[in-house]
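Undergrad: Sharing a structure, written as structure tokens. Questions coming.
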There are 2 protein chains.
Amino acid sequence: MTLTGNMLIGQQRIAGNREAIRGIDPATHTVLEPAYAGGSAAHVEQACALAWAALDSYRETTLDARSEFLEAIAHEIEALGDELIDRAAAETGLPRGRLLGERGRTCQQLRLFARTVRNGEWLDVRVDTAQPQRQPLPRSDLRQRQVPLGPVAVFGASNFPLAFSVAGGDTASALAAGCPVIVKAHSAHPGTSELIGHALARAVKACGLPPGVFSLLYGSGREVGIALVTDPRIKAVGFTGSRSGGLALVQAAQARPVPIPVYAEMSSINPVLLFPAALHNRAQALAEGFVASLTLGAGQFCTNPGLVIARKGPALNSFIAAAAERLRHSPAQTMLTPGIFNAYEAGVTALLENPRAQLCAEGLRSTGPNQCQARLFTTQSSDFLADHSLQAEVFGAASLIVQCSDDDEIRQVIERLEGQLTASLHLDDEDLEQARALLSTLERKAGRLLVNGWPTGVEVCEAMVHGGPFPATSDSRTTSVGTAAIHRFLRPVCYQDFPDSLLPGALKQANPLRLRRLLDGQREAHNNAQ
Amino acid sequence: MTLTGNMLIGQQRIAGNREAIRGIDPATHTVLEPAYAGGSAAHVEQACALAWAALDSYRETTLDARSEFLEAIAHEIEALGDELIDRAAAETGLPRGRLLGERGRTCQQLRLFARTVRNGEWLDVRVDTAQPQRQPLPRSDLRQRQVPLGPVAVFGASNFPLAFSVAGGDTASALAAGCPVIVKAHSAHPGTSELIGHALARAVKACGLPPGVFSLLYGSGREVGIALVTDPRIKAVGFTGSRSGGLALVQAAQARPVPIPVYAEMSSINPVLLFPAALHNRAQALAEGFVASLTLGAGQFCTNPGLVIARKGPALNSFIAAAAERLRHSPAQTMLTPGIFNAYEAGVTALLENPRAQLCAEGLRSTGPNQCQARLFTTQSSDFLADHSLQAEVFGAASLIVQCSDDDEIRQVIERLEGQLTASLHLDDEDLEQARALLSTLERKAGRLLVNGWPTGVEVCEAMVHGGPFPATSDSRTTSVGTAAIHRFLRPVCYQDFPDSLLPGALKQANPLRLRRLLDGQREAHNNAQ
């Protein structure tokens, strides 16, 4: 398709009337066509009105119809073919192989949510039947199901132009829950956003759904974002990005006359703990794995291993030497945007100028624009404990090794950490007891704990938690990746003494959806998924 | 036992050093012994340190041990015998029969949570096993369980001195989730709180749990409450009370360096819709049911029917006449506290002075102190739509009937409503289609919908939702009554590639807790509850 530079309000292509954004090839600084004129508060108003009009009909789609819609989106994305990959590569500087993988993940994610919707467990149906003879008072018939919160605003992320953007995890889980979605496209990949937006709109049309189920807006400043988050018809927000950006949305959402939940995935340095035996037995292999994870995708992952914690000694010295050696040969990589590159350089400069951190190694330089040169720093645990700024996320391929004198210092460093998306433990059998002693602390700090793995790479599945205590996210009670993400956009409603004809299908006595309900405290046996 | 006037910090009786509160018999204005000197921020610090110290051990209690603890609390409350009922009656003016029922409900609630804990479904265990051969990348072994958020601060309610207070629903669900609890006692029933607090502390001791699992603080002003909500070791808050009180806690919690969730159940006028056929067929019976619900417990329920919506006409006139007649004979009742009585009188005065509301009937007067005289008002839908203040909750036996000209006005009135705990529909068969047309709107407005019932009376069971959109609560995604309340105090953690020996019991490969896990997307069959 020809890119138009227009927004999508339902099925309508609408031109914005504010300052335009443009895709930029970060590898060459080439400005890409077309220009995407930004939307205004009036466009937000239009999109919200349409989403609101779509809510009652969309939220009562059958499980099958909603699943088919999610599958149709995946199909339409695949049908975009090379055009999508080419445009995304041009706008992000990401390698084609990575983008092909991310497209696969995005479509698999939509299909996984389709299966989740069909299964119906997310409805959490609970039935307590009437007990008219109960003494001293009879019990009413009470039935609970989950209903969607309402229209959801999604803010796409820069670093996953497909999997965390227009049709990414937030959109997929909100649509799965029965919520219309309005996406504010990330300015780093407007063309990719338009392509995906049209695929989504085609799926809406093909499935005969009301047009307001999906809209896509652009905007260079705060106008569109703040108008979206403060519109009374928006009932929840999904966001992946910087801490300052996430907190601004949280604040705007809380200041509303009727506050709404904001699921902001913000900032994490993903501590990696190297235990003594593992470090002693395989310092070289750990160093290789570490540098590979650190430099993957120029370090532009929320789960980038930005902090290593270990006990001082010859084994740690070997690890540091091996990591430094490897890092020195790691090529510079193009970062996603000039803004991200500048922020990376500023973060690195702060560390270079901080007397409590020592530069240990630098990756290869490159003369092109926006080239991320990897950096490895070391510090002492006493310095780390004394200087909170050493916990600041440097988004990119930079990491800090905290050298501790003893186990007590290791525990202190962990206790001092802010909330994290992940914490990784590298251990051998002899380390098990020491690791076990830290587990409850680590569980309080992070949403995902890994053993002998690296945090980059987030599987889309039932058991994933991509979340964690503040400031990793604004709401530790949820995940933004994996099927449990659907619960972010639901709330329970109880129906008391309803005549069967007035009950929604999920709650009718005959259980026409064949859900595995909680019936008088017992879980029913049959279910759609079998 | 002899009431001491002391707080309970763990197993220690501690005397406060701030202004004292005292129980007052609202029926006689008699001041009751002993005085309860208020705690200070230093006491909060002590209680939080103790709760924090208890967390890691309490949260890893076995399902059986935690269940037995909840059952032990119920047992200890029952063992208080008449002393509890006598003191609660003296402090609240509530009839003994009501208090006996409430004690039964409180103990049943603890036992229901004990069964819920034992069943283990709340752990929401998800296991995605490793796929080492998967292309292009192997899949790790990923396992998810729920862990407790951490210590919880609970603010008791005035109107349920047992079921929504020291060992009420918030405490029961937080303890069930594995969270230590610090209760700030409601100043309206300090003696009842002390009795229950000691029962709870005895259960802690009898079960061999760390003392910090439970503490009980008193305080007349804001010091204790704000210190609790802003202490970094407190990870969630449960509150039932006024809108201003709830919003103050929400604000304090959001202003923390690390914000925490506040579950505040605040304000609801619980609209009752009377549909034409029902109104035509049984205006008299509806009026009787309405006045009984309105005046129950002097109207001091969050679910009191404070708003009636119906179409103008002879049938509604009959209903109004019958309700007015009944109300005029309804005796005055003692309210819980002078403060609640004064607020009721102020709310009624505002309606009396509002030209958009007309007084329709008054209940019987009484000369004693704090006597709630029931009031019934009427208004026109146009006036209701024009004056938001007519939606203000008047806590007590006052209600407002909104007379609508047509169905469209009824819909407008409903659309204009703030979020509610409940909405009740009185309908006969001929009304079904009209009711159906309003259902999706009502679902957006309320947490519980009732047909041909009255909202007072909240069953403690699996399917109950005692919650609803703001301002009924600060978080519509949950309930404060019923077993689903446990989820308020949990967050998910994912364990990736953990050796079996390091996994928590709930996640071990052999499934020693016999949980019905979600295993590779399929629900396992066996479970503890069978």
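Lettering and numbering for the structure tokens are positional, with chains as A, B, ... in the shown order, residues counted from 1 in each chain, and ligands counted from 1 in the shown order.
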Which of region 21-171 of chain B counts as strand (DSSP E) under DSSP, as a PyMOL selection string please?
TA: chain B and resi 21-25+30-38+126-128+142-148+152-155
Undergrad: For those residues, write N, CA, C and O atoms to a file as a tab-separated table (two decimals), in the first residue's frame.
TA:
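Generated file (out-v1.tsv):
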chain	number	residue	atom	x	y	z
B	21	ILE	N	-9.03	8.36	72.60
B	21	ILE	CA	-10.42	8.21	72.14
B	21	ILE	C	-11.13	7.34	73.17
B	21	ILE	O	-10.52	6.56	73.89
B	22	ARG	N	-12.45	7.49	73.20
B	22	ARG	CA	-13.25	6.69	74.11
B	22	ARG	C	-14.49	6.22	73.39
B	22	ARG	O	-15.04	6.94	72.56
B	23	GLY	N	-14.89	5.03	73.74
B	23	GLY	CA	-16.18	4.58	73.25
B	23	GLY	C	-17.28	5.44	73.83
B	23	GLY	O	-17.18	5.92	74.95
B	24	ILE	N	-18.32	5.65	73.02
B	24	ILE	CA	-19.47	6.41	73.51
B	24	ILE	C	-20.72	5.61	73.18
B	24	ILE	O	-20.87	5.13	72.05
B	25	ASP	N	-21.58	5.43	74.16
B	25	ASP	CA	-22.86	4.78	73.85
B	25	ASP	C	-23.74	5.81	73.17
B	25	ASP	O	-24.17	6.78	73.80
B	30	THR	N	-23.39	8.16	76.91
B	30	THR	CA	-22.52	7.75	78.01
B	30	THR	C	-21.12	7.49	77.48
B	30	THR	O	-20.95	6.80	76.47
B	31	VAL	N	-20.13	8.03	78.18
B	31	VAL	CA	-18.75	7.77	77.80
B	31	VAL	C	-18.30	6.48	78.46
B	31	VAL	O	-18.51	6.27	79.65
B	32	LEU	N	-17.70	5.61	77.70
B	32	LEU	CA	-17.33	4.28	78.19
B	32	LEU	C	-15.86	4.23	78.57
B	32	LEU	O	-15.02	4.89	77.96
B	33	GLU	N	-15.56	3.41	79.56
B	33	GLU	CA	-14.18	3.13	79.94
B	33	GLU	C	-13.64	1.98	79.11
B	33	GLU	O	-14.42	1.16	78.64
B	34	PRO	N	-12.37	1.81	78.97
B	34	PRO	CA	-11.31	2.73	79.34
B	34	PRO	C	-11.05	3.76	78.25
B	34	PRO	O	-11.68	3.71	77.18
B	35	ALA	N	-10.13	4.68	78.51
B	35	ALA	CA	-9.67	5.59	77.47
B	35	ALA	C	-8.63	4.88	76.62
B	35	ALA	O	-7.87	4.05	77.13
B	36	TYR	N	-8.62	5.18	75.33
B	36	TYR	CA	-7.64	4.60	74.41
B	36	TYR	C	-6.71	5.71	73.92
B	36	TYR	O	-7.05	6.44	72.97
B	37	ALA	N	-5.56	5.83	74.61
B	37	ALA	CA	-4.60	6.86	74.20
B	37	ALA	C	-4.11	6.55	72.79
B	37	ALA	O	-3.83	5.39	72.47
B	38	GLY	N	-4.03	7.57	71.97
B	38	GLY	CA	-3.66	7.38	70.57
B	38	GLY	C	-2.18	7.06	70.41
B	38	GLY	O	-1.35	7.45	71.23
B	126	ARG	N	0.89	-21.28	36.87
B	126	ARG	CA	1.00	-21.49	35.42
B	126	ARG	C	2.38	-22.06	35.14
B	126	ARG	O	3.38	-21.50	35.59
B	127	VAL	N	2.42	-23.13	34.43
B	127	VAL	CA	3.70	-23.78	34.10
B	127	VAL	C	3.79	-23.93	32.58
B	127	VAL	O	2.90	-24.53	31.97
B	128	ASP	N	4.82	-23.35	32.00
B	128	ASP	CA	5.12	-23.59	30.58
B	128	ASP	C	6.46	-24.32	30.55
B	128	ASP	O	7.50	-23.73	30.87
B	142	LEU	N	9.16	-21.95	32.28
B	142	LEU	CA	8.64	-20.74	32.91
B	142	LEU	C	7.48	-21.12	33.83
B	142	LEU	O	6.56	-21.84	33.42
B	143	ARG	N	7.53	-20.63	35.06
B	143	ARG	CA	6.51	-20.97	36.04
B	143	ARG	C	6.09	-19.72	36.80
B	143	ARG	O	6.93	-18.94	37.23
B	144	GLN	N	4.80	-19.55	36.95
B	144	GLN	CA	4.29	-18.35	37.62
B	144	GLN	C	3.47	-18.73	38.83
B	144	GLN	O	2.71	-19.69	38.80
B	145	ARG	N	3.65	-17.96	39.89
B	145	ARG	CA	2.75	-18.05	41.04
B	145	ARG	C	2.47	-16.64	41.54
B	145	ARG	O	3.11	-15.67	41.13
B	146	GLN	N	1.51	-16.52	42.45
B	146	GLN	CA	1.21	-15.25	43.08
B	146	GLN	C	1.93	-15.18	44.42
B	146	GLN	O	1.95	-16.17	45.16
B	147	VAL	N	2.49	-14.02	44.72
B	147	VAL	CA	3.10	-13.81	46.03
B	147	VAL	C	2.41	-12.61	46.69
B	147	VAL	O	1.87	-11.74	46.00
B	148	PRO	N	2.44	-12.56	48.03
B	148	PRO	CA	1.79	-11.44	48.72
B	148	PRO	C	2.54	-10.13	48.47
B	148	PRO	O	3.75	-10.12	48.30
B	152	VAL	N	0.05	-4.98	55.02
B	152	VAL	CA	-1.14	-4.23	54.60
B	152	VAL	C	-1.67	-3.43	55.78
B	152	VAL	O	-1.75	-3.95	56.90
B	153	ALA	N	-2.02	-2.19	55.52
B	153	ALA	CA	-2.69	-1.36	56.54
B	153	ALA	C	-4.19	-1.41	56.31
B	153	ALA	O	-4.65	-1.22	55.19
B	154	VAL	N	-4.93	-1.70	57.37
B	154	VAL	CA	-6.39	-1.80	57.27
B	154	VAL	C	-7.02	-0.74	58.16
B	154	VAL	O	-6.64	-0.60	59.34
B	155	PHE	N	-7.96	-0.01	57.59
B	155	PHE	CA	-8.71	1.00	58.34
B	155	PHE	C	-10.12	0.48	58.54
B	155	PHE	O	-10.88	0.32	57.59
Undergrad: Identify all chain B residues at most 7 Å from chain A by counting only C-alpha atoms; ligands do not count. Present them as JSON, numbers by chain.
TA: {"B": [56, 126, 127, 128, 142, 143, 144, 258, 436, 440, 443, 447, 448, 449, 450, 451, 462, 463, 464, 465, 470, 476, 477, 478, 490, 491, 492, 493, 494, 495, 496, 497, 498, 502, 521]}
Undergrad: Would you write out those residues with N, CA, C and O atoms, as a short mmCIF file (atom, residue, chain, number, x, y, z; two decimals), in the first residue's frame?
TA:
data_model
loop_
_atom_site.label_atom_id
_atom_site.label_comp_id
_atom_site.auth_asym_id
_atom_site.auth_seq_id
_atom_site.Cartn_x
_atom_site.Cartn_y
_atom_site.Cartn_z
N ASP B 56 8.62 -12.45 55.62
CA ASP B 56 9.20 -13.57 54.89
C ASP B 56 8.80 -14.92 55.48
O ASP B 56 8.61 -15.89 54.74
N ARG B 126 0.89 -21.28 36.87
CA ARG B 126 1.00 -21.49 35.42
C ARG B 126 2.38 -22.06 35.14
O ARG B 126 3.38 -21.50 35.59
N VAL B 127 2.42 -23.13 34.43
CA VAL B 127 3.70 -23.78 34.10
C VAL B 127 3.79 -23.93 32.58
O VAL B 127 2.90 -24.53 31.97
N ASP B 128 4.82 -23.35 32.00
CA ASP B 128 5.12 -23.59 30.58
C ASP B 128 6.46 -24.32 30.55
O ASP B 128 7.50 -23.73 30.87
N LEU B 142 9.16 -21.95 32.28
CA LEU B 142 8.64 -20.74 32.91
C LEU B 142 7.48 -21.12 33.83
O LEU B 142 6.56 -21.84 33.42
N ARG B 143 7.53 -20.63 35.06
CA ARG B 143 6.51 -20.97 36.04
C ARG B 143 6.09 -19.72 36.80
O ARG B 143 6.93 -18.94 37.23
N GLN B 144 4.80 -19.55 36.95
CA GLN B 144 4.29 -18.35 37.62
C GLN B 144 3.47 -18.73 38.83
O GLN B 144 2.71 -19.69 38.80
N VAL B 258 7.46 5.38 46.36
CA VAL B 258 6.97 4.16 45.71
C VAL B 258 5.47 4.06 46.01
O VAL B 258 5.08 3.69 47.10
N ARG B 436 -33.42 -5.29 29.74
CA ARG B 436 -32.29 -5.76 28.95
C ARG B 436 -31.59 -4.60 28.24
O ARG B 436 -30.37 -4.55 28.15
N SER B 440 -26.32 -3.03 29.72
CA SER B 440 -24.90 -2.75 29.50
C SER B 440 -24.53 -1.41 30.15
O SER B 440 -23.42 -1.25 30.65
N GLU B 443 -24.15 -2.21 33.87
CA GLU B 443 -22.89 -2.94 34.13
C GLU B 443 -21.71 -1.98 34.19
O GLU B 443 -20.74 -2.22 34.91
N GLY B 447 -21.02 -2.51 40.51
CA GLY B 447 -20.33 -3.78 40.71
C GLY B 447 -21.29 -4.95 40.89
O GLY B 447 -20.92 -6.10 40.67
N ARG B 448 -22.53 -4.66 41.33
CA ARG B 448 -23.49 -5.75 41.54
C ARG B 448 -24.85 -5.30 41.05
O ARG B 448 -25.29 -4.20 41.38
N LEU B 449 -25.48 -6.13 40.25
CA LEU B 449 -26.82 -5.85 39.73
C LEU B 449 -27.79 -6.87 40.33
O LEU B 449 -27.49 -8.07 40.35
N LEU B 450 -28.92 -6.37 40.83
CA LEU B 450 -29.89 -7.26 41.48
C LEU B 450 -31.22 -7.19 40.75
O LEU B 450 -31.63 -6.09 40.33
N VAL B 451 -31.88 -8.31 40.66
CA VAL B 451 -33.23 -8.31 40.13
C VAL B 451 -34.20 -8.66 41.26
O VAL B 451 -34.01 -9.67 41.96
N GLU B 462 -18.29 -16.83 46.95
CA GLU B 462 -17.33 -16.78 45.83
C GLU B 462 -17.71 -15.72 44.81
O GLU B 462 -16.85 -15.07 44.22
N ALA B 463 -19.00 -15.55 44.57
CA ALA B 463 -19.45 -14.75 43.43
C ALA B 463 -19.74 -13.29 43.78
O ALA B 463 -20.03 -12.49 42.89
N MET B 464 -19.66 -12.95 45.06
CA MET B 464 -20.01 -11.58 45.45
C MET B 464 -19.04 -10.57 44.84
O MET B 464 -17.84 -10.82 44.76
N VAL B 465 -19.58 -9.42 44.42
CA VAL B 465 -18.75 -8.25 44.13
C VAL B 465 -19.26 -7.12 45.01
O VAL B 465 -20.40 -6.67 44.86
N PHE B 470 -15.40 4.06 40.37
CA PHE B 470 -15.20 5.27 41.17
C PHE B 470 -16.43 6.16 41.09
O PHE B 470 -16.98 6.34 40.01
N SER B 476 -12.03 -0.31 40.68
CA SER B 476 -13.18 -1.12 40.27
C SER B 476 -12.79 -2.55 39.91
O SER B 476 -13.65 -3.39 39.69
N ARG B 477 -11.49 -2.82 39.87
CA ARG B 477 -11.06 -4.14 39.38
C ARG B 477 -11.14 -5.22 40.45
O ARG B 477 -10.70 -6.34 40.22
N THR B 478 -11.70 -4.86 41.60
CA THR B 478 -11.67 -5.80 42.72
C THR B 478 -12.98 -5.77 43.48
O THR B 478 -13.89 -5.02 43.16
N LEU B 490 -2.05 -9.56 46.09
CA LEU B 490 -1.12 -10.49 45.43
C LEU B 490 -0.52 -9.86 44.18
O LEU B 490 -1.10 -8.96 43.58
N ARG B 491 0.64 -10.37 43.80
CA ARG B 491 1.24 -10.01 42.52
C ARG B 491 1.93 -11.25 41.96
O ARG B 491 2.35 -12.13 42.70
N PRO B 492 2.06 -11.32 40.64
CA PRO B 492 2.65 -12.51 40.04
C PRO B 492 4.17 -12.43 40.00
O PRO B 492 4.75 -11.36 39.83
N VAL B 493 4.82 -13.57 40.18
CA VAL B 493 6.26 -13.68 39.95
C VAL B 493 6.49 -14.89 39.05
O VAL B 493 5.85 -15.94 39.22
N CYS B 494 7.39 -14.74 38.10
CA CYS B 494 7.73 -15.81 37.16
C CYS B 494 9.12 -16.33 37.48
O CYS B 494 10.04 -15.55 37.75
N TYR B 495 9.27 -17.64 37.44
CA TYR B 495 10.54 -18.32 37.73
C TYR B 495 10.99 -19.01 36.45
O TYR B 495 10.28 -19.88 35.94
N GLN B 496 12.14 -18.61 35.95
CA GLN B 496 12.60 -19.12 34.65
C GLN B 496 13.77 -20.07 34.85
O GLN B 496 14.79 -19.69 35.44
N ASP B 497 13.61 -21.30 34.35
CA ASP B 497 14.69 -22.30 34.37
C ASP B 497 15.23 -22.56 35.77
O ASP B 497 16.43 -22.81 35.96
N PHE B 498 14.34 -22.52 36.76
CA PHE B 498 14.78 -22.80 38.13
C PHE B 498 15.01 -24.31 38.30
O PHE B 498 14.19 -25.11 37.85
N LEU B 502 15.06 -25.39 43.98
CA LEU B 502 14.99 -23.98 44.34
C LEU B 502 13.57 -23.42 44.15
O LEU B 502 13.27 -22.31 44.58
N GLY B 521 -0.73 -24.64 28.91
CA GLY B 521 -1.99 -24.14 28.35
C GLY B 521 -3.21 -24.99 28.65
O GLY B 521 -4.33 -24.63 28.28
#
Undergrad: What does the distance from CA of Ala177 (chain B) to CA of Val224 (chain B) come to in Å, to one decimal?
TA: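 Spanning CA of Ala177 (chain B) to CA of Val224 (chain B) is a straight-line distance of 24.2 Å.
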Undergrad: Can you tell me how far CA of Gly97 (chain A) sits from CA of Ala346 (chain A), in Å to one decimal?
TA: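 Computing the Euclidean distance for CA of Gly97 (chain A) and CA of Ala346 (chain A) yields 29.4 Å.
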